[in-house]
Structure formats: structure tokens, C-alpha cells
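Q: What follows is structure11.cif, mmCIF, C-alpha atoms.
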```cif
data_upload
#
loop_
_atom_site.label_atom_id
_atom_site.label_comp_id
_atom_site.auth_asym_id
_atom_site.auth_seq_id
_atom_site.Cartn_x
_atom_site.Cartn_y
_atom_site.Cartn_z
CA MET A 1 0.00 0.00 0.00
CA ASP A 2 1.20 3.48 -0.82
CA ASN A 3 1.37 5.22 2.50
CA ALA A 4 2.11 8.59 0.99
CA ASN A 5 -1.36 8.58 -0.47
CA THR A 6 -3.33 7.94 2.68
CA ASN A 7 -4.32 10.01 5.69
CA LEU A 8 -4.75 8.88 9.24
CA MET A 9 -7.51 10.19 11.44
CA ARG A 10 -7.47 9.41 15.15
CA ILE A 11 -10.91 9.09 16.66
CA LYS A 12 -12.07 9.13 20.24
CA GLY A 13 -14.86 6.92 21.55
CA MET A 14 -14.41 3.75 19.48
CA VAL A 15 -14.58 0.69 21.72
CA CYS A 16 -15.92 -2.27 19.75
CA ARG A 17 -16.61 -3.88 16.38
CA ARG A 18 -19.88 -1.98 15.94
CA CYS A 19 -18.02 1.28 16.42
CA ILE A 20 -15.64 0.21 13.67
CA SER A 21 -18.45 -0.51 11.23
CA THR A 22 -20.30 2.69 12.17
CA VAL A 23 -17.19 4.79 11.53
CA LYS A 24 -16.40 2.96 8.32
CA ASP A 25 -19.93 3.58 7.02
CA ILE A 26 -19.60 7.29 7.73
CA PHE A 27 -16.40 7.53 5.68
CA MET A 28 -17.77 5.45 2.83
CA GLN A 29 -21.02 7.40 2.63
CA GLU A 30 -18.99 10.51 1.93
CA GLY A 31 -17.11 8.68 -0.81
CA PHE A 32 -13.88 7.97 1.06
CA GLU A 33 -12.02 4.77 0.51
CA VAL A 34 -11.02 3.33 3.88
CA THR A 35 -7.76 1.43 3.55
CA ASP A 36 -7.40 0.44 7.17
CA ILE A 37 -9.49 0.76 10.29
CA ALA A 38 -8.91 -0.20 13.91
CA LEU A 39 -10.19 0.97 17.29
CA GLY A 40 -9.37 4.66 17.39
CA GLU A 41 -7.78 5.01 13.95
CA VAL A 42 -8.94 5.25 10.37
CA THR A 43 -6.64 5.29 7.36
CA TYR A 44 -8.34 6.68 4.29
CA GLN A 45 -7.63 7.97 0.81
CA PRO A 46 -7.82 11.75 0.90
CA GLN A 47 -10.09 13.61 -1.51
CA THR A 48 -9.38 16.87 -3.23
CA SER A 49 -12.08 18.85 -1.47
CA ASP A 50 -12.15 19.58 2.24
CA ALA A 51 -15.93 19.71 2.28
CA SER A 52 -16.50 15.97 2.46
CA LEU A 53 -13.98 15.56 5.28
CA GLN A 54 -15.82 18.21 7.25
CA LYS A 55 -19.04 16.29 6.65
CA VAL A 56 -17.36 13.14 7.94
CA GLU A 57 -16.22 14.97 11.07
CA ALA A 58 -19.69 16.38 11.66
CA GLN A 59 -21.21 12.92 11.23
CA LEU A 60 -18.70 11.41 13.64
CA MET A 61 -19.56 14.01 16.27
CA GLU A 62 -23.24 13.35 15.77
CA GLU A 63 -22.64 9.65 16.45
CA GLY A 64 -20.81 10.49 19.65
CA PHE A 65 -17.29 10.05 18.32
CA GLU A 66 -14.67 12.77 18.34
CA PRO A 67 -11.89 13.30 15.83
CA LEU A 68 -8.66 13.94 17.77
CA GLY A 69 -6.33 16.74 16.81
CA ASP A 70 -2.75 16.62 17.99
CA LYS A 71 -2.31 17.26 21.67
CA GLN A 72 -0.50 20.56 21.37
CA SER A 73 -3.09 22.29 19.21
CA ARG A 74 -5.87 20.96 21.43
CA ILE A 75 -4.25 22.45 24.50
CA ILE A 76 -3.62 25.79 22.85
CA ALA A 77 -7.19 25.96 21.57
CA ARG A 78 -8.48 25.20 25.06
CA ILE A 79 -6.28 27.86 26.67
CA LYS A 80 -7.59 30.46 24.24
CA GLU A 81 -11.14 29.43 25.06
CA LEU A 82 -10.38 29.87 28.74
CA VAL A 83 -8.99 33.34 28.11
CA GLU A 84 -12.15 34.40 26.28
CA GLN A 85 -14.27 32.90 29.03
CA HIS A 86 -12.25 34.68 31.65
CA LEU A 87 -12.69 38.02 29.91
CA SER A 88 -16.36 37.53 29.14
CA GLY A 89 -17.72 39.04 32.34
CA PRO A 90 -17.35 39.66 36.06
CA GLU A 91 -19.05 36.37 36.96
CA HIS A 92 -15.88 34.61 35.80
CA HIS A 93 -13.53 36.56 38.01
CA GLU A 94 -14.12 34.84 41.30
CA HIS A 95 -11.35 32.45 40.26
CA ASN A 96 -8.21 33.98 38.92
CA PHE A 97 -7.01 32.95 35.52
CA SER A 98 -4.19 30.68 36.63
CA GLN A 99 -6.65 28.81 38.82
CA MET A 100 -8.92 28.29 35.80
CA VAL A 101 -5.97 26.92 33.85
CA THR A 102 -4.91 24.63 36.67
CA ASP A 103 -8.43 23.27 36.95
CA ALA A 104 -8.68 22.64 33.22
CA PHE A 105 -5.42 20.78 32.63
CA PRO A 106 -3.66 17.84 34.15
CA MET A 107 -0.37 19.71 34.25
CA ASP A 108 0.70 22.53 36.49
CA TYR A 109 0.40 26.14 35.44
CA SER A 110 4.05 26.63 34.56
CA SER A 111 4.05 23.71 32.06
CA VAL A 112 0.90 25.03 30.42
CA SER A 113 2.27 28.53 30.14
CA SER A 114 5.63 27.41 28.79
CA LEU A 115 3.94 25.17 26.22
CA PHE A 116 1.88 28.17 25.19
CA ALA A 117 4.91 30.42 24.93
CA GLU A 118 6.84 27.85 22.88
CA THR A 119 4.09 27.28 20.32
CA GLU A 120 2.64 30.77 20.13
CA GLY A 121 5.79 32.81 20.45
CA ILE A 122 4.27 35.03 23.13
CA THR A 123 3.96 34.36 26.83
CA LEU A 124 0.54 33.43 28.13
CA GLU A 125 0.55 36.48 30.41
CA LYS A 126 1.25 38.82 27.50
CA TYR A 127 -1.40 37.08 25.44
CA VAL A 128 -4.00 37.58 28.17
CA ILE A 129 -3.05 41.24 28.56
CA GLY A 130 -3.28 41.67 24.79
CA ARG A 131 -6.73 40.09 24.62
CA ARG A 132 -7.84 42.12 27.60
CA THR A 133 -6.71 45.33 25.96
CA GLU A 134 -8.54 44.40 22.77
CA LYS A 135 -11.67 43.78 24.81
CA ALA A 136 -11.18 47.12 26.54
CA LYS A 137 -10.97 48.87 23.18
CA GLU A 138 -14.27 47.34 22.15
CA LEU A 139 -15.94 48.33 25.38
CA LEU A 140 -14.54 51.86 25.21
CA LYS A 141 -16.47 52.36 21.99
CA ASN A 142 -19.63 52.13 24.03
CA PRO A 143 -20.02 55.64 25.56
CA LYS A 144 -22.50 54.37 28.13
CA LEU A 145 -19.85 52.43 30.01
CA SER A 146 -17.71 54.26 32.54
CA LEU A 147 -14.03 53.41 32.95
CA ALA A 148 -14.89 51.86 36.29
CA ASP A 149 -17.50 49.63 34.61
CA ILE A 150 -14.99 48.48 32.04
CA ALA A 151 -12.23 47.87 34.58
CA PHE A 152 -14.65 45.83 36.66
CA GLN A 153 -15.94 43.85 33.70
CA LEU A 154 -12.42 42.91 32.63
CA GLY A 155 -11.37 41.88 36.08
CA TYR A 156 -8.95 44.71 36.92
CA SER A 157 -8.58 45.42 40.57
CA SER A 158 -8.86 49.17 40.01
CA VAL A 159 -9.40 51.81 37.32
CA HIS A 160 -5.87 52.90 38.00
CA HIS A 161 -4.44 49.48 37.17
CA PHE A 162 -6.59 49.31 34.04
CA SER A 163 -5.50 52.77 32.82
CA ASN A 164 -1.85 52.06 33.44
CA GLN A 165 -1.87 48.75 31.64
CA PHE A 166 -3.87 50.17 28.77
CA LYS A 167 -1.48 53.02 28.37
CA HIS A 168 1.49 50.73 28.59
CA ILE A 169 0.21 48.68 25.63
CA THR A 170 -1.47 51.25 23.41
CA GLY A 171 0.52 54.34 24.29
CA MET A 172 -2.56 56.27 25.31
CA THR A 173 -4.88 56.34 28.29
CA PRO A 174 -8.36 54.85 27.95
CA SER A 175 -9.92 58.33 27.98
CA ARG A 176 -7.63 59.50 25.20
CA PHE A 177 -8.45 56.38 23.22
CA ARG A 178 -12.15 57.03 23.70
CA LEU A 179 -11.76 60.59 22.49
CA HIS A 180 -10.05 59.31 19.36
CA GLN A 181 -12.85 56.83 18.75
CA ASN A 182 -15.76 59.18 19.33
CA PRO A 183 -14.48 62.61 18.49
CA MET B 1 -50.27 -8.53 24.37
CA LYS B 2 -47.26 -9.09 26.58
CA PRO B 3 -43.97 -7.39 25.63
CA THR B 4 -40.96 -9.63 25.08
CA VAL B 5 -37.60 -9.20 26.75
CA LEU B 6 -34.63 -10.27 24.67
CA HIS B 7 -31.20 -10.89 26.14
CA ILE B 8 -28.37 -10.04 23.80
CA LYS B 9 -24.71 -10.87 24.12
CA ASN B 10 -21.78 -8.59 23.18
CA MET B 11 -23.40 -5.16 23.53
CA VAL B 12 -20.83 -2.77 25.00
CA CYS B 13 -21.55 0.81 23.93
CA PRO B 14 -24.22 3.24 22.68
CA HIS B 15 -23.40 2.32 19.07
CA CYS B 16 -24.23 -1.27 19.80
CA GLN B 17 -27.57 -0.08 21.12
CA LYS B 18 -28.18 1.86 17.91
CA VAL B 19 -27.23 -1.04 15.67
CA VAL B 20 -29.49 -3.43 17.60
CA ARG B 21 -32.40 -1.00 17.45
CA LYS B 22 -31.92 -0.49 13.72
CA GLU B 23 -31.79 -4.20 13.01
CA LEU B 24 -34.92 -4.92 15.02
CA GLU B 25 -36.80 -2.05 13.42
CA SER B 26 -35.83 -3.24 9.96
CA GLN B 27 -37.46 -6.55 10.91
CA GLY B 28 -40.68 -4.58 11.43
CA LEU B 29 -40.41 -4.88 15.22
CA HIS B 30 -40.99 -2.16 17.81
CA PRO B 31 -38.35 -1.93 20.54
CA LEU B 32 -39.74 -0.22 23.65
CA SER B 33 -36.30 0.04 25.21
CA VAL B 34 -32.79 -0.93 24.16
CA GLN B 35 -30.20 -1.26 26.91
CA LEU B 36 -26.82 -2.91 27.08
CA GLY B 37 -27.70 -6.58 26.99
CA THR B 38 -31.47 -6.19 27.17
CA VAL B 39 -34.15 -5.20 24.70
CA THR B 40 -37.86 -4.94 25.38
CA LEU B 41 -40.06 -5.43 22.34
CA GLN B 42 -43.66 -4.37 22.06
CA GLU B 43 -44.43 -7.66 20.29
CA SER B 44 -45.29 -10.77 22.24
CA THR B 45 -43.09 -13.86 22.08
CA GLU B 46 -45.55 -15.72 19.82
CA GLU B 47 -45.30 -13.03 17.16
CA LEU B 48 -41.53 -13.24 16.89
CA ASP B 49 -39.46 -15.04 14.33
CA GLN B 50 -36.59 -15.93 16.66
CA GLN B 51 -34.42 -17.29 13.89
CA ALA B 52 -34.72 -14.13 11.78
CA ILE B 53 -33.78 -11.99 14.79
CA ARG B 54 -30.89 -14.30 15.58
CA ASN B 55 -29.53 -14.02 12.05
CA ALA B 56 -29.92 -10.26 11.86
CA LEU B 57 -28.06 -9.80 15.14
CA ALA B 58 -25.38 -12.34 14.28
CA ALA B 59 -24.41 -10.25 11.24
CA HIS B 60 -23.11 -7.66 13.74
CA GLY B 61 -21.50 -10.09 16.14
CA PHE B 62 -24.40 -10.18 18.60
CA GLU B 63 -26.00 -13.29 19.99
CA LEU B 64 -29.44 -13.94 21.33
CA LEU B 65 -29.22 -15.55 24.77
CA ASP B 66 -31.83 -17.82 26.24
CA GLU B 67 -29.98 -19.92 28.75
CA LYS B 68 -30.46 -18.51 32.25
CA LYS B 69 -26.85 -18.77 33.31
CA ALA B 70 -25.56 -17.09 30.14
CA VAL B 71 -28.04 -14.26 30.65
CA MET B 72 -26.75 -13.71 34.18
CA VAL B 73 -23.11 -13.73 33.05
CA GLU B 74 -23.90 -11.16 30.37
CA LYS B 75 -25.70 -8.98 32.94
CA ILE B 76 -22.61 -9.01 35.13
CA LYS B 77 -20.43 -8.05 32.15
CA ASN B 78 -22.82 -5.26 31.21
CA ILE B 79 -22.57 -3.78 34.70
CA ILE B 80 -18.78 -3.96 34.65
CA VAL B 81 -18.50 -2.43 31.16
CA GLU B 82 -20.89 0.32 32.12
CA LEU B 83 -19.02 1.18 35.33
CA ILE B 84 -15.63 1.23 33.62
CA HIS B 85 -16.29 2.58 30.16
CA HIS B 86 -19.33 4.78 30.41
CA ARG B 87 -18.83 6.64 33.66
CA SER B 88 -16.71 9.70 34.39
CA ALA B 89 -15.65 8.17 37.70
CA THR B 90 -15.26 4.45 38.30
CA PRO B 91 -15.48 3.05 41.83
CA GLY B 92 -12.59 0.97 43.12
CA ASN B 93 -14.52 -2.05 44.31
CA PHE B 94 -17.34 -3.59 42.34
CA SER B 95 -18.46 -6.58 44.35
CA GLU B 96 -21.13 -4.80 46.39
CA LEU B 97 -22.34 -2.82 43.40
CA ILE B 98 -22.74 -5.92 41.27
CA ALA B 99 -24.49 -7.87 43.99
CA GLY B 100 -26.70 -4.88 44.77
CA ARG B 101 -27.74 -4.30 41.17
CA LEU B 102 -28.58 -7.95 40.64
CA GLY B 103 -30.21 -8.32 44.02
CA LEU B 104 -28.17 -11.45 44.64
CA ASP B 105 -25.50 -12.62 47.03
CA TYR B 106 -22.02 -11.80 45.71
CA ALA B 107 -20.57 -15.20 46.54
CA TYR B 108 -23.26 -16.81 44.38
CA VAL B 109 -22.80 -14.35 41.51
CA SER B 110 -19.05 -14.69 41.60
CA HIS B 111 -19.15 -18.48 41.62
CA LEU B 112 -21.62 -18.52 38.74
CA PHE B 113 -19.45 -16.17 36.71
CA SER B 114 -16.19 -18.07 37.15
CA SER B 115 -17.77 -21.44 36.51
CA ALA B 116 -19.29 -20.20 33.24
CA GLU B 117 -16.40 -18.07 32.01
CA GLY B 118 -13.35 -19.80 33.41
CA VAL B 119 -12.17 -16.47 34.73
CA THR B 120 -13.08 -14.67 37.94
CA ILE B 121 -15.10 -11.44 38.02
CA GLU B 122 -12.05 -9.74 39.56
CA LYS B 123 -9.80 -10.81 36.70
CA TYR B 124 -12.39 -9.81 34.09
CA THR B 125 -12.76 -6.42 35.76
CA ILE B 126 -9.01 -5.89 35.70
CA LEU B 127 -8.87 -6.69 31.98
CA GLN B 128 -11.68 -4.23 31.24
CA ARG B 129 -10.03 -1.58 33.40
CA ILE B 130 -6.69 -2.05 31.63
CA GLU B 131 -8.40 -1.79 28.25
CA ARG B 132 -9.87 1.53 29.34
CA VAL B 133 -6.45 2.68 30.53
CA LYS B 134 -5.02 1.81 27.10
CA GLU B 135 -7.74 3.85 25.44
CA LEU B 136 -7.16 6.87 27.68
CA LEU B 137 -3.37 6.65 27.28
CA ILE B 138 -3.74 6.77 23.50
CA TYR B 139 -5.95 9.85 23.66
CA ASP B 140 -3.09 11.57 25.44
CA GLU B 141 -5.41 13.99 27.22
CA LEU B 142 -5.10 12.99 30.86
CA SER B 143 -2.09 12.45 33.07
CA LEU B 144 -1.50 8.98 34.49
CA ASN B 145 -2.51 10.39 37.85
CA GLN B 146 -5.86 11.48 36.50
CA ILE B 147 -6.39 8.17 34.72
CA ALA B 148 -5.70 6.27 37.94
CA ASP B 149 -8.10 8.53 39.76
CA GLN B 150 -10.84 8.23 37.17
CA LEU B 151 -10.64 4.45 37.09
CA GLY B 152 -10.73 3.98 40.83
CA TYR B 153 -7.11 2.95 41.45
CA SER B 154 -5.91 3.90 44.88
CA ASN B 155 -2.66 5.25 43.38
CA VAL B 156 -0.58 5.44 40.20
CA ALA B 157 1.82 2.72 41.34
CA HIS B 158 -1.05 0.27 41.63
CA LEU B 159 -2.22 1.10 38.13
CA SER B 160 1.29 0.90 36.66
CA ASN B 161 1.99 -2.47 38.26
CA GLN B 162 -1.29 -3.93 37.11
CA PHE B 163 -0.82 -2.50 33.64
CA LYS B 164 2.64 -3.97 33.31
CA LYS B 165 1.48 -7.35 34.56
CA ILE B 166 -1.24 -7.55 31.90
CA THR B 167 0.33 -5.85 28.90
CA GLY B 168 4.02 -6.45 29.62
CA LEU B 169 4.65 -2.73 29.23
CA THR B 170 4.66 0.24 31.53
CA PRO B 171 1.98 2.84 30.72
CA SER B 172 4.59 5.26 29.38
CA ASN B 173 6.14 2.60 27.15
CA TYR B 174 2.70 1.66 25.92
CA LYS B 175 2.07 5.26 24.95
CA LYS B 176 5.20 5.23 22.80
CA LEU B 177 4.13 2.07 20.98
CA LYS B 178 3.24 2.80 17.41
CA GLU B 179 1.07 -0.22 16.76
CA ASN B 180 -2.51 -0.25 17.87
CA ASN B 181 -3.31 -3.30 19.99
CA ARG B 182 -6.56 -2.24 21.57
CA ARG B 183 -9.23 -4.91 21.83
CA SER B 184 -12.92 -4.78 21.13
CA LEU B 185 -14.63 -4.70 24.54
CA ASP B 186 -16.87 -7.63 23.75
CA GLU B 187 -13.85 -9.78 22.96
CA ILE B 188 -12.30 -9.36 26.39
#
```
Could you write out this file's structure as C-alpha cells?

A:
Amino acid sequence: MDNANTNLMRIKGMVCRRCISTVKDIFMQEGFEVTDIALGEVTYQPQTSDASLQKVEAQLMEEGFEPLGDKQSRIIARIKELVEQHLSGPEHHEHNFSQMVTDAFPMDYSSVSSLFAETEGITLEKYVIGRRTEKAKELLKNPKLSLADIAFQLGYSSVHHFSNQFKHITGMTPSRFRLHQNP
Amino acid sequence: MKPTVLHIKNMVCPHCQKVVRKELESQGLHPLSVQLGTVTLQESTEELDQQAIRNALAAHGFELLDEKKAVMVEKIKNIIVELIHHRSATPGNFSELIAGRLGLDYAYVSHLFSSAEGVTIEKYTILQRIERVKELLIYDELSLNQIADQLGYSNVAHLSNQFKKITGLTPSNYKKLKENNRRSLDEI
């Protein structure tokens, strides 16, 4: 068999022979030729369009299976989700961010953050500050929100801390930024 | 009209349930409930073509059970598979749970199981647990600590020792293996 011409998909949730036939059917219905299949792995002939593969993935999910990405990209994606969750409102601030990360992963915070830094080329702390500043910019466009509201919503301990950090990143204070946005 | 209860061997996951339901429906039957190992049909026993059902199920590796002892053994296996493979937290000790669910004395259940299967419930449970560990190791999402915790091992050392005894490899060596040697749960 020509290995160069086949793709491997790793799949979560396959435990028996029926799972194998269910997964095989899903691939074949979308016109894929399955060259090898075992618990947790399918080897198939790739097609030129991505659309049918997406259909296969959607079908798998619907059946309760889960295509597995590589570990690193899964972790990074999850960290980014956590960041967005953390910045999405004051109800998420009772736990600090590092606690959220520690709860979500089997490794300690320093391994998670160094993995992030290695793959993304920016430290996790800087990434969070960057996302927080972007969020602040969005919120500043809404003239109804006071600086105190925004600082609170983004989990800053004080307006002062918020202003300082904002200025440090963008070069201008939040009020200046607001003036620029809504002259 | 009295509903019929069918006992089916080799069902281990939700997909098995789906396949069984589909096969029965394509026979024009009406399953009222489909559980691991047990199906209740709306139809009465007299209306059923046992042989047709048998054949349809056999195509997927299932077996219709009628002998009382075999039914009991399958029930025990269903409980064990459910506790290990379909729960987010598996208890450490099964004997009371199994006896409780079956409403029978554990000594009796355990004797029945070993005499029919040639392997003790404890040994069977270990094999199922190890198979689950293999699966979780391959997913590479949880630490060994978390896996031990989830599967009811008192500590990682216990898991590692048991794993090595069964597979010949330590969990971390198993993870590095390139070949896939997982087993279908109904073949354990």
C-alpha cells in the first residue's frame, strides 16, 4: 500500500466492532475509501475537497465520536477558550485565571504557560493582557460604560491598574483612546 | 399482548444499542427500550421469528441468549463495562455494586461467573479496566494520575503495576508504541 497517499484520522470513543463498522460507514457514505481501520484510527484515501472531510467529522460528532487533533493544538485551543471565558464578564472573576488553567489541565500552570509560549511565540501572560486590551478597546467604543464599569468587567482590581496597563500597551490612556474613537 | 424481553450478548456501547435497534426495526419490530444486553419489544413472544432476529443480530457479532446462566453472566459483564467505560468516575470495588444491582448474594454471583467463564469477576474487571487505561493513554489527554483517579485505582503505582502485569509494558512505554493493539470490549 502506498502510505504517501493515505491520511490517518485518530478518533475518540471507538470501543468495539460496531463502532468500527459505524465509523467505516460514515467515511464510505462521503465517498472515502477506507484502507485500514482499527479501534481509534482510520486510514483513508484523501479527496481533493475539504468539504467531504468536514461532513465526515460532523457525522462522527453526531454519532458520539470525536476526531482527535494533535495534543498541542488541542491544549492551545483550550487555553484560548479559557482566556475568552475569563474576559467575558465579572461572573468569571471569582477564580483567577491561573486557577482556571490549573483546573482545566492535568499539568501545572508553569508547564501550560511554557507550552503556550513555545508554540505561540508570546507568553501566556502577555497574550492575556493583549486580549484584555482588545476587549477594553471594544468596550470603550460604548459611551455608556464608565471606565470603572470596564475595569470591573475585565477583572482589573482598580481603574488605575486598568488605565496604566492600557497606556502601557497602546501608548494612550483609555480616555484619550475614547476621544479618538468618538471625536 | 405481553412485551418480550430479549437478552443479547456482546453489547458494550451506545453504538451497539443503535445497531441493535436499527436491526430490530428493519425486521418490522418495535423496541420499547434498548439497553446494554437487554431489549424490550412491544411484540409478544408468539409473534416473533426468533431465527430471523438471531440471524440479523449475528451479522453484527451479537448473539441472542436464552440460557439462564448465560443471561446472568452477560448482565454481570454489562454492569462492569458500564461502570468502567461509560462513567466519568469508576469506583474501586465492584463486588457490592454488582451484587446490589442484581439483588443477589455476591458469593453466588461470583461463583456462577467463574464457573461459566473460566475467569473470575475480579480478573475480568481488571482486563476491562486495563483496556480503558489503554484507550485513555492513547488519547493523550489525561495524566497517568488522572487516569488512575478516574478508574478507581488507589494510586498510580497500583495502576502501573497492574498494567505492566497484563500488557508487559509500563503505561509510558505503551504510549510510545506505534502499533494499535486495543481490543474490542466484547472480545475481552

Q: Give me the residues within 10 Å of segment 119-135 of chain B as JSON, numbers by chain, counting only C-alpha atoms and dropping any in the same chain fewer than 4 places off.

A: {"A": [12, 13, 14, 15, 39, 40], "B": [73, 76, 77, 80, 81, 83, 84, 85, 90, 93, 94, 95, 98, 109, 110, 111, 112, 113, 114, 115, 139, 140, 144, 147, 148, 150, 151, 152, 153, 159, 160, 162, 163, 164, 166, 167, 171, 174, 175, 180, 181, 182, 183, 184, 185, 186, 188]}

Q: When the PyMOL selection byres ((chain A) within 10 of (chain B)) is applied to the file above, which residues end up in the set, as an MDAnalysis selection string?

A: chainID A and resid 10:22 38:41 63:65 68:71 74:75 105:107

Q: Those same residues, written as a compact mmCIF listing (two decimals), in the coordinates of the input with C-alpha atoms?

A:
```txt
# COMPACT_ATOMS: atom_id res chain seq x y z
CA ARG A 10 -7.47 9.41 15.15
CA ILE A 11 -10.91 9.09 16.66
CA LYS A 12 -12.07 9.13 20.24
CA GLY A 13 -14.86 6.92 21.55
CA MET A 14 -14.41 3.75 19.48
CA VAL A 15 -14.58 0.69 21.72
CA CYS A 16 -15.92 -2.27 19.75
CA ARG A 17 -16.61 -3.88 16.38
CA ARG A 18 -19.88 -1.98 15.94
CA CYS A 19 -18.02 1.28 16.42
CA ILE A 20 -15.64 0.21 13.67
CA SER A 21 -18.45 -0.51 11.23
CA THR A 22 -20.30 2.69 12.17
CA ALA A 38 -8.91 -0.20 13.91
CA LEU A 39 -10.19 0.97 17.29
CA GLY A 40 -9.37 4.66 17.39
CA GLU A 41 -7.78 5.01 13.95
CA GLU A 63 -22.64 9.65 16.45
CA GLY A 64 -20.81 10.49 19.65
CA PHE A 65 -17.29 10.05 18.32
CA LEU A 68 -8.66 13.94 17.77
CA GLY A 69 -6.33 16.74 16.81
CA ASP A 70 -2.75 16.62 17.99
CA LYS A 71 -2.31 17.26 21.67
CA ARG A 74 -5.87 20.96 21.43
CA ILE A 75 -4.25 22.45 24.50
CA PHE A 105 -5.42 20.78 32.63
CA PRO A 106 -3.66 17.84 34.15
CA MET A 107 -0.37 19.71 34.25
```

Q: Select, counting all atoms listed in the file, all protein, DNA and RNA residues no farther than 12 Å from (-13.9, 16.2, 0.8) in file coordinates, and express the selection as a list in words.

A: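 Residues satisfying the cut-off, written out: Phe27, Met28, Gln29, Glu30, Gly31, Phe32, Glu33, Tyr44, Gln45, Pro46, Gln47, Thr48, Ser49, Asp50, Ala51, Ser52, Leu53, Gln54, Lys55, Val56 and Glu57 of chain A.
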
Q: Evaluate the PyMOL selection byres ((chain A and resi 124) around 12) against this structure - the residues, as a PyMOL selection string, please.

A: chain A and resi 76+79-80+82-83+97-98+101+109-123+125-131

Q: Quick one: distance from atom CA of Thr38 of chain B to atom CA of Thr4 of chain B in Å, one decimal?

A: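 Result for atom CA of Thr38 of chain B versus atom CA of Thr4 of chain B: 10.3 Å, one decimal.
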
Q: Record the distance separating atom CA of Asn96 of chain A and atom CA of Phe177 of chain A, expressed in Å with one decimal.

A: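 Taking atom CA of Asn96 of chain A as the start and atom CA of Phe177 of chain A as the end point, the length is 27.4 Å.
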
Q: For a test of reading the model, state the distance in Å between atom CA of Phe152 of chain A and atom CA of Thr173 of chain A, rounded to one decimal.

A: 16.6 Å

Q: Padding of 3 Å on every side, edges along x, y and z, all listed atoms of segment 19-28 of chain A included: what centre and edge lengths in Å, to one decimal, does that box have, as lines of an AutoDock Vina configuration file?

A:
```
center_x = -18.0
center_y = 3.5
center_z = 9.6
size_x = 10.7
size_y = 14.0
size_z = 19.6
```

Q: Find the spatial neighbours of Arg21 of chain B, counting all atoms listed in the file, within a cut-off of 10 Å - ignore same-chain residues fewer than 6 positions away - and output them as a VMD selection string.

A: chain B and resid 15 27 29 to 35 39

Q: Taking the structure in the block just given, could you write segment 104-154 of chain B with C-alpha atoms, as a tab-separated table (two decimals), in the first residue's frame?

A:
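Result file decode-v1.tsv:
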```tsv
chain	number	residue	atom	x	y	z
B	104	LEU	CA	-28.17	-11.45	44.64
B	105	ASP	CA	-25.50	-12.62	47.03
B	106	TYR	CA	-22.02	-11.80	45.71
B	107	ALA	CA	-20.57	-15.20	46.54
B	108	TYR	CA	-23.26	-16.81	44.38
B	109	VAL	CA	-22.80	-14.35	41.51
B	110	SER	CA	-19.05	-14.69	41.60
B	111	HIS	CA	-19.15	-18.48	41.62
B	112	LEU	CA	-21.62	-18.52	38.74
B	113	PHE	CA	-19.45	-16.17	36.71
B	114	SER	CA	-16.19	-18.07	37.15
B	115	SER	CA	-17.77	-21.44	36.51
B	116	ALA	CA	-19.29	-20.20	33.24
B	117	GLU	CA	-16.40	-18.07	32.01
B	118	GLY	CA	-13.35	-19.80	33.41
B	119	VAL	CA	-12.17	-16.47	34.73
B	120	THR	CA	-13.08	-14.67	37.94
B	121	ILE	CA	-15.10	-11.44	38.02
B	122	GLU	CA	-12.05	-9.74	39.56
B	123	LYS	CA	-9.80	-10.81	36.70
B	124	TYR	CA	-12.39	-9.81	34.09
B	125	THR	CA	-12.76	-6.42	35.76
B	126	ILE	CA	-9.01	-5.89	35.70
B	127	LEU	CA	-8.87	-6.69	31.98
B	128	GLN	CA	-11.68	-4.23	31.24
B	129	ARG	CA	-10.03	-1.58	33.40
B	130	ILE	CA	-6.69	-2.05	31.63
B	131	GLU	CA	-8.40	-1.79	28.25
B	132	ARG	CA	-9.87	1.53	29.34
B	133	VAL	CA	-6.45	2.68	30.53
B	134	LYS	CA	-5.02	1.81	27.10
B	135	GLU	CA	-7.74	3.85	25.44
B	136	LEU	CA	-7.16	6.87	27.68
B	137	LEU	CA	-3.37	6.65	27.28
B	138	ILE	CA	-3.74	6.77	23.50
B	139	TYR	CA	-5.95	9.85	23.66
B	140	ASP	CA	-3.09	11.57	25.44
B	141	GLU	CA	-5.41	13.99	27.22
B	142	LEU	CA	-5.10	12.99	30.86
B	143	SER	CA	-2.09	12.45	33.07
B	144	LEU	CA	-1.50	8.98	34.49
B	145	ASN	CA	-2.51	10.39	37.85
B	146	GLN	CA	-5.86	11.48	36.50
B	147	ILE	CA	-6.39	8.17	34.72
B	148	ALA	CA	-5.70	6.27	37.94
B	149	ASP	CA	-8.10	8.53	39.76
B	150	GLN	CA	-10.84	8.23	37.17
B	151	LEU	CA	-10.64	4.45	37.09
B	152	GLY	CA	-10.73	3.98	40.83
B	153	TYR	CA	-7.11	2.95	41.45
B	154	SER	CA	-5.91	3.90	44.88
```
